[in-house]
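J.: Sharing query_29.csv (CSV, C-alpha atoms) below.
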chain,number,residue,atom,x,y,z
A,1008,MET,CA,62.7,141.1,228.9
A,1009,VAL,CA,66.3,140.4,229.9
A,1010,ALA,CA,65.9,136.7,229.0
A,1011,VAL,CA,64.4,137.6,225.6
A,1012,ILE,CA,67.4,139.8,224.8
A,1013,VAL,CA,69.9,137.2,225.9
A,1014,VAL,CA,68.2,134.5,223.8
A,1015,ALA,CA,68.0,136.8,220.8
A,1016,ALA,CA,71.7,137.7,221.2
A,1017,LEU,CA,72.6,134.0,221.3
A,1018,VAL,CA,70.6,133.2,218.2
A,1019,VAL,CA,72.3,136.0,216.3
A,1020,LEU,CA,75.7,134.8,217.5
A,1021,ALA,CA,74.9,131.3,216.5
A,1022,LEU,CA,73.9,132.5,213.0
A,1023,VAL,CA,77.1,134.5,212.7
A,1024,THR,CA,79.1,131.5,213.8
A,1025,GLN,CA,77.5,129.2,211.2
A,1026,ALA,CA,78.1,131.8,208.5
A,1027,GLY,CA,81.7,132.1,209.6
A,1028,VAL,CA,82.1,128.3,209.5
A,1029,VAL,CA,80.8,128.2,205.9
A,1030,ARG,CA,83.1,131.1,204.9
A,1031,THR,CA,86.2,129.6,206.6
A,1032,GLN,CA,85.7,126.2,205.1
A,1033,ARG,CA,85.4,127.6,201.7
A,1034,ALA,CA,88.6,129.6,202.2
A,1035,TYR,CA,90.5,126.5,203.5
A,1036,PRO,CA,89.2,123.4,201.7
A,1037,ALA,CA,90.6,119.9,202.3
A,1038,GLN,CA,93.8,119.2,200.4
A,1039,GLY,CA,94.2,115.5,200.7
A,1040,ARG,CA,92.2,112.2,201.0
A,1041,MET,CA,89.9,111.0,203.8
A,1042,VAL,CA,90.8,107.7,205.5
A,1043,GLU,CA,88.1,106.0,207.6
A,1044,VAL,CA,89.3,104.5,210.9
A,1045,SER,CA,87.5,103.2,214.0
A,1046,GLY,CA,85.9,106.3,215.5
A,1047,ALA,CA,87.3,108.9,213.1
A,1048,THR,CA,87.8,110.1,209.6
A,1049,LEU,CA,91.3,111.3,209.1
A,1050,HIS,CA,92.4,113.9,206.5
A,1051,VAL,CA,95.8,112.8,205.0
A,1052,VAL,CA,98.1,114.6,202.6
A,1053,ASP,CA,100.5,112.2,201.0
A,1054,ILE,CA,103.3,113.9,199.1
A,1055,GLY,CA,106.8,113.2,197.7
A,1056,PRO,CA,108.2,110.2,195.8
A,1057,ARG,CA,106.8,106.8,196.9
A,1058,ASP,CA,110.1,105.0,196.0
A,1059,ALA,CA,112.4,107.3,198.1
A,1060,ALA,CA,115.1,105.6,200.1
A,1061,GLY,CA,114.3,105.1,203.8
A,1062,PRO,CA,111.1,105.0,205.7
A,1063,PRO,CA,108.3,107.6,205.1
A,1064,ILE,CA,108.1,110.7,207.2
A,1065,VAL,CA,104.8,111.1,209.1
A,1066,MET,CA,104.2,114.6,210.5
A,1067,LEU,CA,101.8,115.3,213.3
A,1068,HIS,CA,100.9,118.8,214.6
A,1069,GLY,CA,100.2,120.1,218.0
A,1070,ALA,CA,97.2,121.7,219.7
A,1071,SER,CA,95.3,124.6,218.2
A,1072,ALA,CA,96.6,123.7,214.8
A,1073,ASN,CA,96.3,121.5,211.7
A,1074,LEU,CA,98.7,119.8,209.3
A,1075,GLU,CA,99.6,123.1,207.6
A,1076,ALA,CA,101.7,123.9,210.7
A,1077,MET,CA,104.0,121.1,209.7
A,1078,ARG,CA,103.7,121.2,205.9
A,1079,GLN,CA,104.6,124.8,205.4
A,1080,PRO,CA,108.0,125.0,207.1
A,1081,LEU,CA,109.0,121.3,206.7
A,1082,GLY,CA,106.8,119.0,204.7
A,1083,THR,CA,107.0,120.6,201.3
A,1084,ARG,CA,110.8,120.8,201.5
A,1085,LEU,CA,111.2,117.2,202.7
A,1086,ALA,CA,108.8,116.0,200.0
A,1087,LYS,CA,111.4,116.8,197.3
A,1088,THR,CA,113.3,113.7,198.2
A,1089,HIS,CA,111.2,111.8,200.7
A,1090,ARG,CA,107.7,110.5,201.0
A,1091,VAL,CA,105.9,112.7,203.5
A,1092,ILE,CA,102.5,112.0,205.1
A,1093,LEU,CA,100.8,114.9,206.9
A,1094,ILE,CA,97.8,114.1,209.0
A,1095,ASP,CA,95.2,116.3,210.7
A,1096,ARG,CA,94.9,114.8,214.1
A,1097,PRO,CA,91.4,113.4,215.0
A,1098,GLY,CA,89.0,116.3,215.3
A,1099,HIS,CA,91.4,118.9,213.9
A,1100,GLY,CA,91.6,120.5,210.5
A,1101,TRP,CA,89.5,118.3,208.1
A,1102,SER,CA,89.7,115.2,210.3
A,1103,THR,CA,86.7,114.4,212.4
A,1104,ARG,CA,86.1,112.1,215.3
A,1105,ALA,CA,82.9,110.5,216.5
A,1106,ARG,CA,83.4,111.3,220.2
A,1107,LEU,CA,85.0,114.4,221.8
A,1108,VAL,CA,86.3,112.2,224.7
A,1109,ASP,CA,88.5,110.3,222.3
A,1110,SER,CA,91.1,112.9,223.1
A,1111,THR,CA,94.1,111.1,224.5
A,1112,PRO,CA,97.4,110.2,222.8
A,1113,GLU,CA,96.6,106.5,223.4
A,1114,ILE,CA,93.3,106.7,221.4
A,1115,GLN,CA,94.6,109.0,218.7
A,1116,GLY,CA,97.7,106.9,218.3
A,1117,ARG,CA,95.5,103.9,217.6
A,1118,MET,CA,93.5,105.9,215.1
A,1119,ILE,CA,96.6,107.1,213.3
A,1120,GLY,CA,98.2,103.7,213.3
A,1121,GLU,CA,95.1,102.3,211.7
A,1122,ALA,CA,95.2,105.0,209.0
A,1123,LEU,CA,98.9,104.3,208.3
A,1124,ALA,CA,98.1,100.6,207.9
A,1125,LYS,CA,95.4,101.4,205.4
A,1126,LEU,CA,97.9,103.5,203.5
A,1127,GLY,CA,100.3,100.5,203.4
A,1128,ILE,CA,102.8,102.2,205.6
A,1129,GLY,CA,105.0,99.9,207.8
A,1130,GLU,CA,107.7,101.7,209.7
A,1131,ALA,CA,107.9,105.5,209.6
A,1132,ILE,CA,109.8,108.3,211.1
A,1133,LEU,CA,107.4,110.4,213.2
A,1134,VAL,CA,108.0,114.2,213.3
A,1135,VAL,CA,105.9,115.6,216.1
A,1136,HIS,CA,105.3,119.0,217.6
A,1137,SER,CA,104.1,120.1,221.0
A,1138,TRP,CA,101.0,118.2,222.0
A,1139,ALA,CA,101.9,115.5,219.5
A,1140,GLY,CA,105.1,114.8,221.4
A,1141,ALA,CA,103.0,112.8,223.8
A,1142,LEU,CA,101.3,111.2,220.9
A,1143,GLY,CA,104.6,110.2,219.2
A,1144,ALA,CA,105.9,108.8,222.5
A,1145,ARG,CA,102.7,106.8,223.0
A,1146,MET,CA,102.9,105.3,219.5
A,1147,ALA,CA,106.5,104.3,220.0
A,1148,LEU,CA,105.4,102.5,223.2
A,1149,ASP,CA,102.2,100.9,221.8
A,1150,TYR,CA,103.4,100.2,218.2
A,1151,PRO,CA,107.2,99.9,218.3
A,1152,GLY,CA,107.2,98.1,215.0
A,1153,ARG,CA,105.6,101.1,213.3
A,1154,VAL,CA,107.9,103.8,214.7
A,1155,ALA,CA,111.4,103.7,213.1
A,1156,GLY,CA,112.4,106.9,214.7
A,1157,LEU,CA,111.1,110.1,216.4
A,1158,VAL,CA,112.0,113.7,215.8
A,1159,MET,CA,110.3,115.7,218.5
A,1160,LEU,CA,109.9,119.4,218.4
A,1161,ALA,CA,109.2,121.2,221.7
A,1162,PRO,CA,107.3,118.1,222.8
A,1163,VAL,CA,104.9,117.7,225.7
A,1164,ALA,CA,105.9,114.5,227.6
A,1165,TYR,CA,105.3,114.9,231.3
A,1166,PRO,CA,102.8,116.4,233.8
A,1167,TRP,CA,103.4,120.1,234.4
A,1168,PRO,CA,102.4,122.6,237.2
A,1169,GLY,CA,99.1,124.4,236.6
A,1170,GLY,CA,96.5,123.8,234.0
A,1171,VAL,CA,95.7,124.6,230.3
A,1172,GLY,CA,93.6,127.8,230.5
A,1173,ARG,CA,90.3,128.4,232.2
A,1174,TYR,CA,88.4,128.8,228.9
A,1175,ASN,CA,89.3,125.3,227.8
A,1176,LYS,CA,88.0,123.9,231.1
A,1177,ILE,CA,84.7,125.8,230.7
A,1178,VAL,CA,84.3,124.7,227.1
A,1179,THR,CA,84.5,121.0,228.2
A,1180,THR,CA,81.7,121.4,230.7
A,1181,PRO,CA,78.2,120.0,229.7
A,1182,VAL,CA,75.7,122.4,228.1
A,1183,ILE,CA,77.7,125.6,228.8
A,1184,GLY,CA,80.7,124.5,226.7
A,1185,PRO,CA,78.8,123.7,223.5
A,1186,LEU,CA,76.7,126.8,224.0
A,1187,LEU,CA,79.9,128.9,224.1
A,1188,ALA,CA,81.5,127.1,221.2
A,1189,TYR,CA,78.5,127.5,218.9
A,1190,THR,CA,77.9,131.2,219.7
A,1191,ILE,CA,80.9,133.4,220.9
A,1192,THR,CA,84.0,131.4,220.1
A,1193,LEU,CA,84.3,132.1,216.4
A,1194,PRO,CA,83.4,135.8,216.6
A,1195,LEU,CA,85.7,136.4,219.6
A,1196,GLY,CA,88.4,134.1,218.3
A,1197,THR,CA,88.5,135.9,215.0
A,1198,LEU,CA,89.5,139.1,216.8
A,1199,LEU,CA,92.1,137.4,219.0
A,1200,ALA,CA,93.6,134.8,216.6
A,1201,LYS,CA,96.7,136.9,215.6
A,1202,ARG,CA,97.5,137.8,219.1
A,1203,GLY,CA,97.3,134.2,220.3
A,1204,ALA,CA,99.5,133.0,217.4
A,1205,HIS,CA,102.0,135.8,218.0
A,1206,GLY,CA,102.4,134.6,221.6
A,1207,MET,CA,103.2,131.0,220.4
A,1208,PHE,CA,106.2,132.3,218.4
A,1209,LEU,CA,107.8,134.5,221.0
A,1210,PRO,CA,110.6,135.5,221.2
A,1211,GLN,CA,110.7,135.0,217.5
A,1212,ALA,CA,108.5,137.1,215.3
A,1213,MET,CA,105.4,135.4,213.9
A,1214,ALA,CA,105.9,134.2,210.4
A,1215,ASP,CA,104.5,136.6,207.8
A,1216,GLY,CA,100.9,135.8,207.0
A,1217,PHE,CA,100.9,132.8,209.4
A,1218,VAL,CA,97.3,132.9,210.5
A,1219,GLU,CA,96.0,133.1,206.9
A,1220,SER,CA,98.4,130.6,205.3
A,1221,SER,CA,98.2,128.0,208.1
A,1222,ALA,CA,94.4,127.8,208.1
A,1223,THR,CA,94.5,128.7,211.8
A,1224,ARG,CA,90.9,130.0,211.6
A,1225,LEU,CA,89.7,126.4,211.1
A,1226,LEU,CA,90.3,126.0,214.8
A,1227,LEU,CA,87.4,128.4,215.6
A,1228,ARG,CA,84.8,126.1,214.1
A,1229,PRO,CA,82.7,124.8,217.1
A,1230,ARG,CA,83.4,121.1,216.6
A,1231,GLU,CA,87.1,121.6,216.2
A,1232,PHE,CA,87.3,124.1,219.1
A,1233,LEU,CA,85.6,121.6,221.4
A,1234,ALA,CA,87.9,118.8,220.2
A,1235,ASN,CA,91.0,120.9,220.9
A,1236,ALA,CA,89.8,121.8,224.4
A,1237,TRP,CA,89.2,118.2,225.2
A,1238,ASP,CA,92.7,117.3,223.9
A,1239,LEU,CA,94.2,119.9,226.2
A,1240,VAL,CA,92.2,119.2,229.4
A,1241,THR,CA,92.9,115.5,229.3
A,1242,LEU,CA,96.5,115.6,228.3
A,1243,LYS,CA,98.1,116.1,231.8
A,1244,ALA,CA,96.5,112.9,233.1
A,1245,ALA,CA,97.4,111.1,230.0
A,1246,VAL,CA,101.1,111.9,230.1
A,1247,ALA,CA,101.2,111.1,233.8
A,1248,GLU,CA,100.0,107.6,233.0
A,1249,GLN,CA,102.4,107.0,230.1
A,1250,ALA,CA,105.6,108.8,231.4
A,1251,PRO,CA,106.8,105.9,233.6
A,1252,ARG,CA,107.1,103.8,230.5
A,1253,TYR,CA,109.5,106.0,228.5
A,1254,ALA,CA,112.5,103.9,229.3
A,1255,GLU,CA,110.9,101.2,227.1
A,1256,ILE,CA,111.1,103.3,223.9
A,1257,LYS,CA,113.6,101.6,221.7
A,1258,ALA,CA,113.3,103.9,218.6
A,1259,PRO,CA,116.0,106.6,218.2
A,1260,ILE,CA,114.8,110.0,219.3
A,1261,THR,CA,116.0,113.4,218.4
A,1262,LEU,CA,114.6,116.2,220.6
A,1263,ILE,CA,114.9,119.8,219.3
A,1264,THR,CA,113.6,122.4,221.7
A,1265,GLY,CA,113.9,126.1,222.5
A,1266,GLY,CA,115.7,127.2,225.6
A,1267,VAL,CA,113.3,130.1,226.1
A,1268,ASP,CA,110.1,128.2,225.3
A,1269,LYS,CA,107.3,129.6,227.5
A,1270,THR,CA,104.6,127.3,226.2
A,1271,VAL,CA,106.2,123.9,226.8
A,1272,SER,CA,109.1,124.0,229.3
A,1273,THR,CA,112.3,122.3,228.1
A,1274,ASN,CA,113.2,121.5,231.7
A,1275,ILE,CA,109.9,119.8,232.5
A,1276,HIS,CA,109.6,117.9,229.2
A,1277,SER,CA,112.5,117.5,226.9
A,1278,ARG,CA,115.4,117.2,229.4
A,1279,PRO,CA,113.8,114.4,231.5
A,1280,LEU,CA,112.7,112.5,228.4
A,1281,ALA,CA,116.3,112.7,226.9
A,1282,ALA,CA,117.6,111.4,230.2
A,1283,THR,CA,115.1,108.5,230.3
A,1284,ALA,CA,114.7,107.2,226.8
A,1285,PRO,CA,117.7,105.0,226.0
A,1286,ASN,CA,118.3,106.2,222.4
A,1287,ALA,CA,117.5,109.9,222.8
A,1288,ARG,CA,119.6,112.9,221.8
A,1289,LEU,CA,118.7,116.5,222.9
A,1290,ILE,CA,119.3,119.7,221.1
A,1291,VAL,CA,118.5,122.9,223.0
A,1292,LEU,CA,118.5,126.1,221.1
A,1293,PRO,CA,119.2,128.9,223.6
A,1294,ASP,CA,117.3,131.8,222.1
A,1295,VAL,CA,114.4,129.9,220.5
A,1296,GLY,CA,110.8,129.7,221.6
A,1297,HIS,CA,108.0,127.1,220.9
A,1298,MET,CA,107.6,127.2,217.1
A,1299,VAL,CA,110.9,125.4,216.4
A,1300,GLN,CA,109.9,124.3,212.9
A,1301,TYR,CA,109.6,127.9,211.9
A,1302,ALA,CA,112.5,129.3,213.9
A,1303,VAL,CA,115.1,126.8,212.6
A,1304,PRO,CA,113.7,124.9,209.6
A,1305,ASP,CA,117.1,124.2,208.1
A,1306,LEU,CA,118.3,122.5,211.3
A,1307,VAL,CA,115.1,120.5,211.7
A,1308,VAL,CA,115.2,119.3,208.1
A,1309,SER,CA,118.9,118.4,208.5
A,1310,GLU,CA,118.2,116.3,211.6
A,1311,ILE,CA,115.2,114.5,210.0
A,1312,GLU,CA,117.4,113.7,207.0
A,1313,ALA,CA,120.2,112.5,209.2
A,1314,MET,CA,117.8,110.1,210.9
A,1315,VAL,CA,116.6,108.8,207.6
A,1316,GLY,CA,120.2,108.3,206.5
A,1317,GLY,CA,121.1,106.5,209.6
A,1318,LEU,CA,118.2,104.1,209.3
A,1319,VAL,CA,119.0,103.4,205.7
A,1320,ARG,CA,122.6,102.6,206.6
A,1321,SER,CA,121.6,100.4,209.5
A,1322,THR,CA,119.2,98.5,207.3
A,1323,ALA,CA,121.8,98.0,204.6
A,1324,ALA,CA,124.3,96.8,207.2
A,1325,ALA,CA,121.8,94.3,208.6
A,1326,ALA,CA,121.1,93.0,205.1
A,1327,ASN,CA,124.8,92.3,204.6
Let me see the file written as structure tokens.
T.:
Amino acid sequence: MVAVIVVAALVVLALVTQAGVVRTQRAYPAQGRMVEVSGATLHVVDIGPRDAAGPPIVMLHGASANLEAMRQPLGTRLAKTHRVILIDRPGHGWSTRARLVDSTPEIQGRMIGEALAKLGIGEAILVVHSWAGALGARMALDYPGRVAGLVMLAPVAYPWPGGVGRYNKIVTTPVIGPLLAYTITLPLGTLLAKRGAHGMFLPQAMADGFVESSATRLLLRPREFLANAWDLVTLKAAVAEQAPRYAEIKAPITLITGGVDKTVSTNIHSRPLAATAPNARLIVLPDVGHMVQYAVPDLVVSEIEAMVGGLVRSTAAAAN
């Protein structure tokens, strides 16, 4: 009898989850075009003037997010005068990937590089947040001719003490993980989404309507929740492997990070990277937390535009 009740409950939760997926996807439809690459289909939003001076700006979001986390505070503003390309990382938002294990910055960097090539993009300035800090650094190492500069917001760059949350570890285990993802994750996550987002913003207040306007609930779909968990549990080993190469990065880097960030420690990640990469500049904001792009959007936009301007001037000087 207990087994029958458990199975019945799981069936009900699976049906609730599927109904929730349909409802969520109707509420937050894809906004851009789909670009096929090896092992993934990437959702790309390409905005702003194509003939703008300077390299295009490519914006890459962190974990538990999608491209809206970069478009809302930064992308729309920058697109008034620059070409801006926003990408849902493989497995996130409306991007898909064929294999959950394709979760590392190395693999995702290859996929994004392939998508940019298909879009006809040569050099670009990468603006990366959190998890995508490791991705931006990896792309600068593996594809130096594609990365004109890096603006890194509260980036992950090095191994850190501890893990990434027990639930993420459980979700990546065989059988049990998919069972949880396709039954309880969406109903439970719907109840906890605002609380989790609030914690990411501290000590700043969460932006008004953030969960709704940022399409955060797309994360609760089973296939995306699984992809996100794999990204997180494999990240520590990935940065441990690539960190010894950071001195090879030739692109200019601007790091903007919060001095009271409890999600990605400035002392563990940004300070060592700034001391290692030869062309890095560090800006630490004493009273700012993890969501730098929301806390100080004017500063971030100013620094991105300064990097664009510097690259335009250096290109002009080289031509003369």
J.: If we count only C-alpha atoms, what is near Val1163 (chain A) at a cut-off of 6 Å, once residues fewer than 6 positions away on the same chain are taken out, given as JSON, numbers by chain?
T.: {"A": [1137, 1138, 1140, 1141, 1276]}
J.: Quote the spacing between CA of Gly1061 (chain A) and CA of Ile1311 (chain A) in Å to one decimal place.
T.: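 Distance reported for this atom pair: 11.3 Å.
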J.: Once you count all atoms listed in the file, what closest atom pair and distance in Å to one decimal does each residue of region 1107-1192 of chain A within 8 Å of region 1062-1065 of chain A have, with rows by chain and rising residue number, as a tab-separated table?
T.:
residue	atom	partner	partner_atom	distance
A:Ile1128	CA	A:Pro1063	CA	7.7
A:Glu1130	CA	A:Pro1062	CA	6.2
A:Ala1131	CA	A:Pro1063	CA	5.0
A:Ile1132	CA	A:Ile1064	CA	4.9
A:Leu1133	CA	A:Val1065	CA	4.9
A:Val1134	CA	A:Val1065	CA	6.1
A:Ala1155	CA	A:Pro1062	CA	7.5
J.: For Pro1168 (chain A), which residue out of A:Gly1266, A:Thr1283, A:Lys1243, A:Val1108 is the nearest one, using only C-alpha atoms?
T.: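 Comparing A:Gly1266, A:Thr1283, A:Lys1243, A:Val1108 against Pro1168 (chain A), the winner is A:Lys1243.
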J.: Around (96.1, 122.6, 210.8) in the file's own coordinates, what residues are found within 6 Å if you use only C-alpha atoms, given back as number ranges by chain?
T.: A: 1072-1076, 1100
J.: Rounded to one decimal place, report the CA of Ser1272 (chain A)-CA of Gln1300 (chain A) distance in Å.
T.: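 So the answer is 16.4 Å.
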J.: So which residues are close to (90.5, 110.3, 224.2), meaning at most 10 Å away in the file's coordinates with all atoms listed in the file counted, and can you show them as a ChimeraX atom specification?
T.: /A:1097,1106-1116,1234,1237-1238,1241-1242,1245
J.: So that I can check the surroundings of Ile1094 (chain A), please list as a PyMOL selection string every protein, DNA and RNA residue that reaches within 12 Å of it, counting all atoms listed in the file and ignoring chain neighbours fewer than 4 positions away.
T.: chain A and resi 1037-1042+1048-1054+1064-1069+1072-1078+1082+1098-1103+1115-1116+1118-1120+1122-1123+1126+1133-1135+1139
J.: Against region 1175-1189 of chain A, which residues of region 1219-1305 of chain A fall within 9 Å? For each one I want the closest pair of atoms and the distance in Å (one decimal), counting all atoms listed in the file, rows by chain and increasing residue number, as CSV.
T.:
residue,atom,partner,partner_atom,distance
A:Leu1227,CA,A:Ala1188,CA,8.2
A:Arg1228,CA,A:Ala1188,CA,7.9
A:Pro1229,CA,A:Ala1188,CA,4.9
A:Arg1230,CA,A:Ala1188,CA,7.8
A:Phe1232,CA,A:Ala1188,CA,6.9
A:Leu1233,CA,A:Val1178,CA,6.6
A:Ala1234,CA,A:Thr1179,CA,9.0
A:Asn1235,CA,A:Asn1175,CA,8.4
A:Ala1236,CA,A:Asn1175,CA,4.9
A:Trp1237,CA,A:Thr1179,CA,6.2
A:Leu1239,CA,A:Asn1175,CA,7.5
A:Val1240,CA,A:Lys1176,CA,6.5
J.: What is the CA of Tyr1174 (chain A)-CA of Thr1192 (chain A) distance in Å, reported with one decimal?
T.: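 Computed distance, CA of Tyr1174 (chain A) to CA of Thr1192 (chain A), equals 10.2 Å.
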J.: Write out as a list in words the residues lying within 9 Å of Val1019 (chain A), counting all atoms listed in the file and excluding same-chain residues fewer than 5 positions away.
T.: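 In the requested form, the answer reads Val1014, Thr1024 and Thr1190 of chain A.
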J.: For Val1246 (chain A), list every protein, DNA or RNA residue within 8 Å, evaluated using all atoms listed in the file, and leave out those in the same chain fewer than 6 positions away; present the list as JSON, numbers by chain.
T.: {"A": [1141, 1164, 1165, 1166]}
J.: If we count all atoms listed in the file, what is near Asp1294 (chain A) at a cut-off of 10 Å, once residues fewer than 6 positions away on the same chain are taken out, given as a PyMOL selection string?
T.: chain A and resi 1209-1211+1265-1268+1302
J.: Quick one: of A:Leu1085, A:Ala1212, A:Leu1226, A:Ala1250, who's nearest to Arg1145 (chain A), counting only C-alpha atoms?
T.: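 When distances to Arg1145 (chain A) are compared using only C-alpha atoms, the smallest one comes from A:Ala1250.
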